[in-house]
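K.L.:
My questions all concern the structure below.
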Amino acid sequence: MIFLPDPGYGPGGPDGQGWNRLSLNAHFDTRHQCGLLPQNYVALWESMTGRQAWGGFARCRRLAPGRCGDCRVQQLHLARDGFDWPTGTPLLLARVRPLPRTPGSMFFDLAAGLSELELMSWVGEPTGVEADWRTVRNSAGLRLGRRFWDEDGEAFWLVRHNSSASSTAVRTRTYRACTRHALYGSDGQLRLAVLTCYGRCTHSSYALEQLAADLADRAPGGSAAAAADLPEQLPGAPGVAFEQEGHRTTVHRHDHTADFSWDVPIDAGTVAAMAAHAVRLTST
């Protein structure tokens with residue numbers, strides 16, 4: 001739903017018996033809102049999943065139902081007017097930066113509750129990519145990760161949908177005690193990694209194909225010491241823990257254990273692909 005009408009005033013009250021005479025409803029700004037203009041994480045998630053409800057969105061530009069077709073906001077949405085995803089990384093960190101209060105404001109501040117977004121690399125380095133809530137919502141091929149808070153405030157993950165995933169090859173064999181997935185960038189290419197899942201395998205074909213595509217697209221070279229940059233746990237990816245030992249990476253997810261044996265160097269690109277894999281496993 002795009003046009004979100006204001007809740008309006010119901011004189012009957014929630015029980016049909018009428019409201020008390022003392023009411024503050026007239027003092028609140030309850031305008032129609034646009035389901036394509038989220039202003040916070042919850043509204044962004046609602047808008048990207050088609051669950052929009054009034055509250056958390058910017059005002060409707062047309063202020064009347066049925067006029068969305070000729071609205072510039074709708075046209076930008078249909079044109080997928082999003083931000084340009086930086087090359088070389090499958091994962092971005094979106095930092096929420098609240099707008100500063102307007103100097104001299106007392107009872108009502110137009111900046112109250114509003115925020116900007118700063119897109120950073122998954123390790124917290126600046127990317128120089130400009131984006132806001134609307135352009136994130138309109139960007140095709142990305143998936144919204146979980147929201148979390150740390151010492152730097154509110155943040156959430158953005159993980160891309162790798163369009164090369166359809167050309168990857170994942171060869172799976174099931175044994176009594178484990179399941180093994182061999183990951184290839186495509187048929188005929190060299191193997192990238194072997195993933196061994198002990199017990200019941202919980203990996204979806206989507207997650208495995210996306211991981212294979214990220215590994216195949218990773219930038220060549222990089223420092224082998226980047227393996228040390230893989231954290232034991234990634235914020236915003238609950239229940240997932242990493243353990244690195246030599247050329248082997250173990251992923252613990254709740255009561256499930258999976259081992260990665262790498263045929264590619266464990267460099268910065270490999271570590272970024274693993275971080276993106278953890279976000280995909282825990283995103284909604």
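Letters A, B, ... go to the chains of the structure tokens in the order shown; residues in each chain start at 1; ligands are counted from 1 in the same order.
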If you count only C-alpha atoms, which residues fall within 8 Å of Arg143 of chain A, apart from same-chain ones fewer than 2 positions away, as an NGL selection string?

P.N.:
:A and (141 or 145 or 158-161 or 280 or 283)

K.L.:
So which residues of segment 3-203 of chain A fall under strand (DSSP E or B) by DSSP, listed as a PyMOL selection string?

P.N.:
chain A and resi 3-4+33-38+57-59+91-98+115-121+126+142-150+153-160+169-174+178-184+191-198

K.L.:
From the list A:Tyr206, A:Tyr184, A:Trp157, A:Tyr175, which residue is nearest Ala237 of chain A when using only C-alpha atoms?

P.N.:
A:Trp157

K.L.:
Give me, as a ChimeraX atom specification, all polymer residues having an atom no more than 9 Å from Leu195 of chain A, counting only C-alpha atoms and skipping those fewer than 2 positions away in the same chain.

P.N.:
/A:179-183,193,197,258-262

K.L.:
Go through A:Arg191, A:Arg146, A:Phe242, A:Gln233 and flag the residue nearest Asp263 of chain A, using only C-alpha atoms for the distances.

P.N.:
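For Asp263 of chain A, the nearest of the given residues is A:Arg191.
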
K.L.:
Quick one: everything within 10 Å of Ala272 of chain A, counting only C-alpha atoms, minus sequence neighbours fewer than 5 positions away in the same chain. Send it as a PyMOL selection string.

P.N.:
chain A and resi 88-92+121-123+214-215+218+226-227+229-230+267+277-278

K.L.:
Just N, CA, C and O atoms for this one: save the residues we selected as an mmCIF file, in the first residue's frame.

P.N.:
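Output (part-v2.cif):
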data_model
loop_
_atom_site.group_PDB
_atom_site.id
_atom_site.type_symbol
_atom_site.label_atom_id
_atom_site.label_comp_id
_atom_site.auth_asym_id
_atom_site.auth_seq_id
_atom_site.Cartn_x
_atom_site.Cartn_y
_atom_site.Cartn_z
ATOM 1 N N GLY A 88 33.253 -4.395 -5.611
ATOM 2 C CA GLY A 88 34.239 -5.081 -4.786
ATOM 3 C C GLY A 88 33.779 -5.488 -3.406
ATOM 4 O O GLY A 88 34.586 -6.005 -2.630
ATOM 5 N N THR A 89 32.515 -5.273 -3.071
ATOM 6 C CA THR A 89 32.046 -5.680 -1.740
ATOM 7 C C THR A 89 30.604 -6.166 -1.818
ATOM 8 O O THR A 89 29.775 -5.560 -2.498
ATOM 9 N N PRO A 90 30.269 -7.267 -1.142
ATOM 10 C CA PRO A 90 28.884 -7.740 -1.128
ATOM 11 C C PRO A 90 28.073 -7.199 0.047
ATOM 12 O O PRO A 90 26.884 -7.449 0.146
ATOM 13 N N LEU A 91 28.729 -6.439 0.951
ATOM 14 C CA LEU A 91 28.085 -6.071 2.208
ATOM 15 C C LEU A 91 28.420 -4.632 2.575
ATOM 16 O O LEU A 91 29.566 -4.201 2.443
ATOM 17 N N LEU A 92 27.398 -3.888 3.023
ATOM 18 C CA LEU A 92 27.586 -2.517 3.482
ATOM 19 C C LEU A 92 26.977 -2.353 4.867
ATOM 20 O O LEU A 92 26.011 -3.039 5.221
ATOM 21 N N SER A 121 31.812 0.631 4.566
ATOM 22 C CA SER A 121 32.178 -0.755 4.310
ATOM 23 C C SER A 121 31.826 -1.599 5.530
ATOM 24 O O SER A 121 31.576 -1.076 6.615
ATOM 25 N N TRP A 122 31.832 -2.897 5.370
ATOM 26 C CA TRP A 122 31.387 -3.755 6.469
ATOM 27 C C TRP A 122 32.332 -3.677 7.676
ATOM 28 O O TRP A 122 31.932 -4.001 8.796
ATOM 29 N N VAL A 123 33.565 -3.184 7.440
ATOM 30 C CA VAL A 123 34.502 -3.012 8.561
ATOM 31 C C VAL A 123 34.499 -1.577 9.077
ATOM 32 O O VAL A 123 35.335 -1.208 9.905
ATOM 33 N N ASP A 214 29.812 -14.478 -4.696
ATOM 34 C CA ASP A 214 30.657 -13.486 -4.013
ATOM 35 C C ASP A 214 32.118 -13.913 -4.022
ATOM 36 O O ASP A 214 33.029 -13.083 -4.199
ATOM 37 N N LEU A 215 32.377 -15.190 -3.817
ATOM 38 C CA LEU A 215 33.758 -15.682 -3.836
ATOM 39 C C LEU A 215 34.360 -15.583 -5.240
ATOM 40 O O LEU A 215 35.530 -15.246 -5.402
ATOM 41 N N ARG A 218 35.216 -11.865 -6.007
ATOM 42 C CA ARG A 218 36.108 -11.142 -5.100
ATOM 43 C C ARG A 218 37.315 -10.610 -5.841
ATOM 44 O O ARG A 218 37.802 -11.206 -6.814
ATOM 45 N N ALA A 226 44.324 -10.891 6.201
ATOM 46 C CA ALA A 226 42.943 -10.447 6.361
ATOM 47 C C ALA A 226 42.095 -11.484 7.085
ATOM 48 O O ALA A 226 41.022 -11.159 7.583
ATOM 49 N N ALA A 227 42.557 -12.735 7.135
ATOM 50 C CA ALA A 227 41.802 -13.756 7.860
ATOM 51 C C ALA A 227 41.622 -13.380 9.316
ATOM 52 O O ALA A 227 40.639 -13.741 9.951
ATOM 53 N N ASP A 229 40.891 -10.560 10.329
ATOM 54 C CA ASP A 229 39.835 -9.561 10.417
ATOM 55 C C ASP A 229 38.455 -10.185 10.557
ATOM 56 O O ASP A 229 37.483 -9.474 10.784
ATOM 57 N N LEU A 230 38.340 -11.490 10.378
ATOM 58 C CA LEU A 230 37.049 -12.155 10.536
ATOM 59 C C LEU A 230 36.713 -12.218 12.021
ATOM 60 O O LEU A 230 37.404 -12.878 12.798
ATOM 61 N N ASP A 267 41.662 -13.974 1.875
ATOM 62 C CA ASP A 267 42.062 -12.577 1.854
ATOM 63 C C ASP A 267 40.852 -11.704 2.202
ATOM 64 O O ASP A 267 39.828 -12.204 2.679
ATOM 65 N N HIS A 277 27.650 -13.723 3.994
ATOM 66 C CA HIS A 277 26.955 -15.008 4.175
ATOM 67 C C HIS A 277 26.270 -15.055 5.530
ATOM 68 O O HIS A 277 25.112 -15.510 5.648
ATOM 69 N N ALA A 278 26.940 -14.581 6.577
ATOM 70 C CA ALA A 278 26.338 -14.571 7.911
ATOM 71 C C ALA A 278 25.109 -13.678 7.954
ATOM 72 O O ALA A 278 24.104 -14.013 8.592
#

K.L.:
Can you pull out every residue within 8 Å of Ala131 of chain A, counting only C-alpha atoms, but drop anything in the same chain fewer than 6 positions away, and send it as a PyMOL selection string?

P.N.:
chain A and resi 82-83+117-119

K.L.:
Once DSSP has gone over the backbone, tell me which residues of segment 90-169 of chain A are in helix (DSSP H, G or I), as a VMD selection string.

P.N.:
chain A and resid 133 to 138 163 to 167
